[in-house]
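Working notes for the structure below.
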Amino acid sequence: MTTFRLAGTWTTELDDDGKKVLGLASFGSEGNVVSTQVNTKNIGLGNWEATGPDTFTYNFHILAVSPEGQHVGEAHVHVEGRFVADDRWEGFGGANFYDPQGNRLRGHAGSKVVARKFGIDK
């Protein structure tokens with residue numbers, strides 16, 4: 001099962017305890033994800049798959065570094081989404097945060113995510 005309409009770039013809006021966090025996510029037709037949000041310093045890399053005709057799931061990891069460039073941990077993000085229109089989807093995403101040794105420090109189960117297709121202006 002494929003959801004090729006997910007392929008492309010989307011403007012995302014994450015509800016972080018009532019505060020809007022904007023981002024961009026790009027989904028490749030072969031299943032890869034590149035994501036960034038204004039509250040992170042690094043991009044996230046991961047993968048996605050269709051779970052139904054209008055649903056999908058994706059995940060990505062973000063490496064965290066100190067101002068000196070030292071690895072200080074990782075965020076592992078997981079999102080489940082559903083198309084509400086061809087150019088819009090909504091879902092919930094959560095994240096777990098790990099130290100450099102892989103020990104889970106904290107996490108949360110989910111925040112609302114809304115995305116709109118980012119297209120070519122004509």
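Note on naming: chains are A, B, ... as they come in the structure tokens, residues start from 1 per chain, ligands start from 1 in the order shown.
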Practice problem: Name the residues in contact with region 77-88 of chain A at a cut-off of 10 Å, using only C-alpha atoms, excluding same-chain residues fewer than 4 positions from it; report them as a PyMOL selection string. | Solution: chain A and resi 3+5-6+10-12+44-62+92-97+107-119
Practice problem: Using only C-alpha atoms, determine which residues lie at most 8 Å from Ser29 (chain A), disregarding the query and same-chain residues fewer than 3 positions distant; provide the list as a PyMOL selection string. | Solution: chain A and resi 4+6-8+32
Generate a file of the selected residues that holds C-alpha atoms, formatted as a compact mmCIF listing (two decimals), in the first residue's frame.
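To be explicit, this is the file written out as again29.txt:
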```txt
# COMPACT_ATOMS: atom_id res chain seq x y z
CA PHE A 4 2.42 8.74 -2.88
CA LEU A 6 2.71 12.27 0.91
CA ALA A 7 5.82 12.56 -1.28
CA GLY A 8 6.97 16.17 -1.43
CA ASN A 32 12.79 8.68 3.38
```
Practice problem: Tell me which protein, DNA and RNA residues are within 7 Å of Leu22 (chain A), counting only C-alpha atoms, leaving out same-chain ones fewer than 6 positions away, and put them as a ChimeraX atom specification. | Solution: /A:12-14,37-38
Practice problem: Figure out the distance between CA of Ala75 (chain A) and CA of Glu30 (chain A), please, to one decimal in Å. | Solution: 23.2 Å
Self-check item: Selection: 12 Å around His71 (chain A), only C-alpha atoms, excl. self and same-chain fewer than 6 positions, as a list of chain:residue names
Solution: A:Asn42, A:Ile62, A:Leu63, A:Ala64, A:Val65, A:Tyr98, A:Asp99, A:Pro100, A:Gln101, A:Gly102
Quiz prompt | Secondary structure check, strand (DSSP E or B) residues of chain A, as a VMD selection string | solution = chain A and resid 8 to 16 19 to 27 32 to 37 44 to 50 55 to 65 71 to 85 88 to 98 104 to 118
I need the chosen residues saved as an mmCIF file, in the first residue's frame, with C-alpha atoms.
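Final file, selection27.cif:
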```cif
data_model
loop_
_atom_site.group_PDB
_atom_site.id
_atom_site.type_symbol
_atom_site.label_atom_id
_atom_site.label_comp_id
_atom_site.auth_asym_id
_atom_site.auth_seq_id
_atom_site.Cartn_x
_atom_site.Cartn_y
_atom_site.Cartn_z
ATOM 1 C CA GLY A 8 6.970 16.170 -1.428
ATOM 2 C CA THR A 9 7.585 18.973 1.048
ATOM 3 C CA TRP A 10 5.144 20.057 3.738
ATOM 4 C CA THR A 11 4.981 23.017 6.099
ATOM 5 C CA THR A 12 4.284 21.624 9.551
ATOM 6 C CA GLU A 13 2.805 23.193 12.654
ATOM 7 C CA LEU A 14 3.351 21.393 15.950
ATOM 8 C CA ASP A 15 1.268 22.269 18.998
ATOM 9 C CA ASP A 16 3.835 22.374 21.803
ATOM 10 C CA LYS A 19 2.658 27.212 21.401
ATOM 11 C CA LYS A 20 2.943 26.835 17.594
ATOM 12 C CA VAL A 21 6.254 25.423 16.386
ATOM 13 C CA LEU A 22 6.742 25.688 12.623
ATOM 14 C CA GLY A 23 8.775 23.269 10.566
ATOM 15 C CA LEU A 24 9.347 21.665 7.189
ATOM 16 C CA ALA A 25 9.218 17.964 6.362
ATOM 17 C CA SER A 26 10.165 16.417 3.045
ATOM 18 C CA PHE A 27 8.965 12.898 2.219
ATOM 19 C CA ASN A 32 12.791 8.679 3.380
ATOM 20 C CA VAL A 33 12.046 11.738 5.579
ATOM 21 C CA VAL A 34 14.024 14.922 6.194
ATOM 22 C CA SER A 35 12.552 17.198 8.855
ATOM 23 C CA THR A 36 13.420 20.425 10.637
ATOM 24 C CA GLN A 37 11.640 22.628 13.155
ATOM 25 C CA GLY A 44 16.010 14.971 11.477
ATOM 26 C CA LEU A 45 16.427 11.974 9.178
ATOM 27 C CA GLY A 46 14.151 8.955 9.056
ATOM 28 C CA ASN A 47 11.545 7.030 7.092
ATOM 29 C CA TRP A 48 7.816 6.766 6.468
ATOM 30 C CA GLU A 49 5.279 4.191 5.313
ATOM 31 C CA ALA A 50 1.592 4.092 4.418
ATOM 32 C CA THR A 55 -2.993 7.110 6.809
ATOM 33 C CA PHE A 56 0.742 6.870 7.338
ATOM 34 C CA THR A 57 3.415 6.801 10.007
ATOM 35 C CA TYR A 58 6.892 8.261 10.057
ATOM 36 C CA ASN A 59 9.839 8.635 12.381
ATOM 37 C CA PHE A 60 13.123 10.463 12.437
ATOM 38 C CA HIS A 61 16.113 11.040 14.706
ATOM 39 C CA ILE A 62 17.739 14.376 15.489
ATOM 40 C CA LEU A 63 21.287 14.529 16.829
ATOM 41 C CA ALA A 64 21.833 17.112 19.577
ATOM 42 C CA VAL A 65 25.176 18.849 19.921
ATOM 43 C CA HIS A 71 27.307 15.030 20.716
ATOM 44 C CA VAL A 72 25.050 15.430 23.768
ATOM 45 C CA GLY A 73 22.124 13.195 22.860
ATOM 46 C CA GLU A 74 19.339 12.393 20.414
ATOM 47 C CA ALA A 75 15.636 12.925 19.930
ATOM 48 C CA HIS A 76 13.611 10.085 18.405
ATOM 49 C CA VAL A 77 10.344 11.377 16.940
ATOM 50 C CA HIS A 78 7.331 9.287 15.842
ATOM 51 C CA VAL A 79 4.239 10.676 14.068
ATOM 52 C CA GLU A 80 0.984 9.063 12.882
ATOM 53 C CA GLY A 81 -0.955 11.062 10.292
ATOM 54 C CA ARG A 82 -4.180 11.068 8.299
ATOM 55 C CA PHE A 83 -5.023 13.015 5.159
ATOM 56 C CA VAL A 84 -7.944 15.412 5.600
ATOM 57 C CA ALA A 85 -7.474 16.834 2.055
ATOM 58 C CA ARG A 88 -3.382 18.792 4.193
ATOM 59 C CA TRP A 89 -2.870 16.132 6.830
ATOM 60 C CA GLU A 90 -3.229 16.035 10.599
ATOM 61 C CA GLY A 91 -1.770 13.742 13.188
ATOM 62 C CA PHE A 92 -0.107 13.255 16.546
ATOM 63 C CA GLY A 93 3.586 12.966 17.255
ATOM 64 C CA GLY A 94 5.686 12.140 20.256
ATOM 65 C CA ALA A 95 9.368 12.141 21.069
ATOM 66 C CA ASN A 96 11.823 10.424 23.365
ATOM 67 C CA PHE A 97 15.109 12.057 24.343
ATOM 68 C CA TYR A 98 18.299 10.080 24.968
ATOM 69 C CA ARG A 104 16.172 7.502 27.812
ATOM 70 C CA LEU A 105 16.015 10.804 29.684
ATOM 71 C CA ARG A 106 12.401 11.833 29.090
ATOM 72 C CA GLY A 107 9.655 11.812 26.497
ATOM 73 C CA HIS A 108 6.080 12.593 25.672
ATOM 74 C CA ALA A 109 3.333 10.606 24.000
ATOM 75 C CA GLY A 110 2.042 13.097 21.524
ATOM 76 C CA SER A 111 1.327 16.566 20.294
ATOM 77 C CA LYS A 112 -0.971 17.601 17.468
ATOM 78 C CA VAL A 113 0.673 18.189 14.081
ATOM 79 C CA VAL A 114 -0.987 19.895 11.095
ATOM 80 C CA ALA A 115 0.715 20.011 7.701
ATOM 81 C CA ARG A 116 0.069 21.745 4.401
ATOM 82 C CA LYS A 117 1.646 20.840 1.081
ATOM 83 C CA PHE A 118 4.442 23.189 0.032
#
```
